[in-house]
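Structure first, commentary second.
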Number of protein chains: 2
Amino acid sequence: MRIVVLAGGIGGARFLRGLKRAVPDADITVIGNTGDDIHLFGLKVCPDLDTVMYTLGGGIDEEQGWGRAEETFHVKEELAAYGVGPEWFGLGDRDFATHIVRTQMLNAGFPLSAVTEALCDRWQPGVRLIPMSDDRIETHVAVTLPGGDGGDGSAAGSGERKAVHFQEYWVRLRASVPAEAIVPVGAEQAKPAPGVLEAIAAADVILFPPSNPVVSIGTILAVPGIREAIADAGVPVVGLSPIVGDAPVRGMADKVLAAVGVESTAAAVAEHYGSGLLDGWLVDTVDAGTVERVEAAGIRCRAVPLMMTDVDAAARMAQEALALAEEVRGA
Amino acid sequence: MRIVVLAGGIGGARFLRGLKRAVPDADITVIGNTGDDIHLFGLKVCPDLDTVMYTLGGGIDEEQGWGRAEETFHVKEELAAYGVGPEWFGLGDRDFATHIVRTQMLNAGFPLSAVTEALCDRWQPGVRLIPMSDDRIETHVAVTLPGGDGGDGSAAGSGERKAVHFQEYWVRLRASVPAEAIVPVGAEQAKPAPGVLEAIAAADVILFPPSNPVVSIGTILAVPGIREAIADAGVPVVGLSPIVGDAPVRGMADKVLAAVGVESTAAAVAEHYGSGLLDGWLVDTVDAGTVERVEAAGIRCRAVPLMMTDVDAAARMAQEALALAEEVRGA
């Protein structure tokens, strides 16, 4: 069975670990979000790709969900001693090595997809991990910073409207101000990375893990050609809600959903994807009452436990998603 | 008193620490060797500049003489796990930060001299540290590698003649094969960094610490204009022998002296510099018998203890060098 999965960071990575356990013989291609990539200290950092790679390769900090296990932070401490920031982004020493190798290969002319493949040679994630695009795309968030909070010495007062990198919004500001708009800068001009459209066209099933529907899966879908390829693939497309009982399972998905005018409910996210894209949708058992609403939107829906408390729970969720896909296919 | 010191790595750095103790109020400009700079992992590494900066700034690994105190090696371990080398060069995590900052600034267009000044803003070495040149100069060593030792699958046999980077000769090969020639690649086209010639012209005294006369001080003198400026400065130029009793005080200076046809003795090194450049020369007390030979070459010479066992010993050596300079000036 050939499965294509669109993945963001922690949620996508943990779901993929469950999927691998559920169907160990499946041929899994992961299309990874690169919209939250950032250049730091002259190095190219790809948080979502690395979270998938480290999680599936056994190198992740389990508790934190991102970064490397047994990590130290000496490089970062020293950079701070030089007055070189940003200090709010937590790059560990082991993690730095990944960015050094990646940057060296990119500077040598290799596209990100080839670099990602080379990094995965070490990690052996057991899936084919492809960045959504080799072109640079950066998700920016329009915010109004309270006066004087911009760190730029601006006068206190009515606030300053500016666009910040998604990482600055998410990590530094912790989504503490409303996201007024979310723009995947560069997406319009970007092309899917080699293998992306081919994998979608060859898939038997396409899954949307409980990743952020705006800044993770939404960004992947913003690369021209990917949304259309999925809609035209003619195979079941099944997603899992990242919202359980009106709140994100983790992270701050509600903050960015508001920016695109979508309420923070499992049903609203399904409607946001729409029946033109999505064939099936899993909501948590606490949201069983919303199944009818989703099905009314033309999307087959089931309520099952959606809390990824461990790998077994994630594997059961993957099984449910695949079962729903077969139901869609048989319909 | 304005003192200009030409410095390589460990020997130069330790001498400078003594000099600062000996004459705390002196205005000291250090012209640092950059011939052993190397690009590793896409980063610009300047071993000699950093050894001076860390030693005078209190960050050096005292026992080793290079690299940072309380160092860890996680980045390097991870690079090796990716199969990315060279593994023979010991870059620690804290040290990596220096190279990351330097590379980021160089890529932003700052010359090495400006970058070095910025790094010294943190370390406050108490001297003005200027690289000999902002242009790229790399010392290469011509060697004949035993057959099959080239690491390139070449057949065993009569050996392969090739040029290796000085660091590869020094660190990887540990000078285990004869250096047949030593070439500061790029030196001929290089210009002294801003401030170098000005510092020399304004100096009251110029010192050559017990640094390697070929690959440290010799490389600095190979930058067109520097040797001439020193010879023309009209102030005492005093050196300290890095050879004590026919052997280098540390390192493998004898290996590279052979390449330039100079015997490994204190007197021969003085003659190698020559009376056109050098006015005074300190040899160790064990080499007292050689004073007459050096003076016969037109260079004033004294025999004093030259083992830098601690900072006080280095300070006494610096005092002796300055005393000899005054003797030269009064003559």
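Convention: chains lettered A, B, ... in structure tokens order; per-chain residue numbering from 1; ligands numbered from 1 as shown.
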### Task
Residues of chain B near chain A: apply a cut-off of 6 Å, count only C-alpha atoms, and supply the list as a PyMOL selection string.
chain B and resi 42+74-75+78-79+82+93-94+97+104+122
### Task
Just list the residues in range 205-312 of chain B DSSP gives helix (DSSP H, G or I) on the backbone, as a VMD selection string.
chain B and resid 217 to 221 226 to 232 253 to 259 266 to 273 285 to 296 311 to 312
### Message
Can you tell me, as a PyMOL selection string, which residues in range 208-276 of chain B count as strand (DSSP E or B) by DSSP?
### Response
chain B and resi 208+237-240+243-244+247-248
### Message
I need the residue nearest Glu138 in chain A from this list: A:Pro236, A:Pro111, A:Gly35, A:Gly57. Use only C-alpha atoms for the distance.
### Response
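Checking each of A:Pro236, A:Pro111, A:Gly35, A:Gly57 against Glu138 in chain A, counting only C-alpha atoms, the winner is A:Gly35.
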#### Entry: Test item: residues at most 12 Å from Asp279 in chain A, only C-alpha atoms, excluding those fewer than 5 positions along its chain, as an MDAnalysis selection string
chainID A and resid 205:208 230:231 233:240 270:271 273:274 294:295 297:302 321:322 324:329 331
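Between Val115 in chain A and the candidates A:Asp37, A:Asp204, A:Asp134, A:Asp27, the tightest atom-to-atom separation, counting only C-alpha atoms, involves A:Asp134.
Close contacts of Ile226 in chain A, defined as residues with an atom at most 8 Å away when counting only C-alpha atoms, with chain neighbours fewer than 4 positions off set aside, comprise Pro192, Val196, Leu197, Ile220, Leu221, Ala222 and Ile230 of chain A.
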7 Å contact set for Glu160 in chain A, only C-alpha atoms, chain neighbours under 5 positions out, as a JSON list (two decimals) with C-alpha atoms, in the first residue's frame:
```json
[["chain", "number", "residue", "atom", "x", "y", "z"],
["A", 144, "THR", "CA", -0.06, 44.36, 15.81],
["A", 145, "LEU", "CA", 2.53, 44.57, 18.55],
["A", 146, "PRO", "CA", 1.60, 46.51, 21.67],
["A", 147, "GLY", "CA", 3.43, 49.86, 21.77]]
```
### Query
Counting only C-alpha atoms, which of B:Val214, B:Leu278, B:Ile130, B:Ala313 gets nearest to Ala193 in chain B?
B:Ile130
### Query
With only C-alpha atoms as the atoms that count, which of A:Leu6, A:Leu56, A:Val141, A:Ile182 lies nearest to Tyr169 in chain A?
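That would be A:Val141, the residue with the smallest distance to Tyr169 in chain A.
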### Task
Provide the CA of Arg250 in chain A to CA of Val127 in chain A distance in Å, to one decimal place.
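Between these atoms lies a distance of 24.0 Å.
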### Between CA of Gly90 in chain A and CA of Ser176 in chain A - distance in Å to one decimal
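Computed distance, CA of Ser176 in chain A to CA of Gly90 in chain A, equals 18.6 Å.
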### Task
May I have the residues within 9 Å of Trp66 in chain A as a count of residues only, using only C-alpha atoms and disregarding those fewer than 2 positions away in the same chain?
16
### Residue nearest Ala175 in chain A - candidates A:Pro131, A:Lys255, A:Pro194, A:Glu228, atoms counted: only C-alpha atoms
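Once distances to Ala175 in chain A are computed over only C-alpha atoms, the minimum belongs to A:Lys255.
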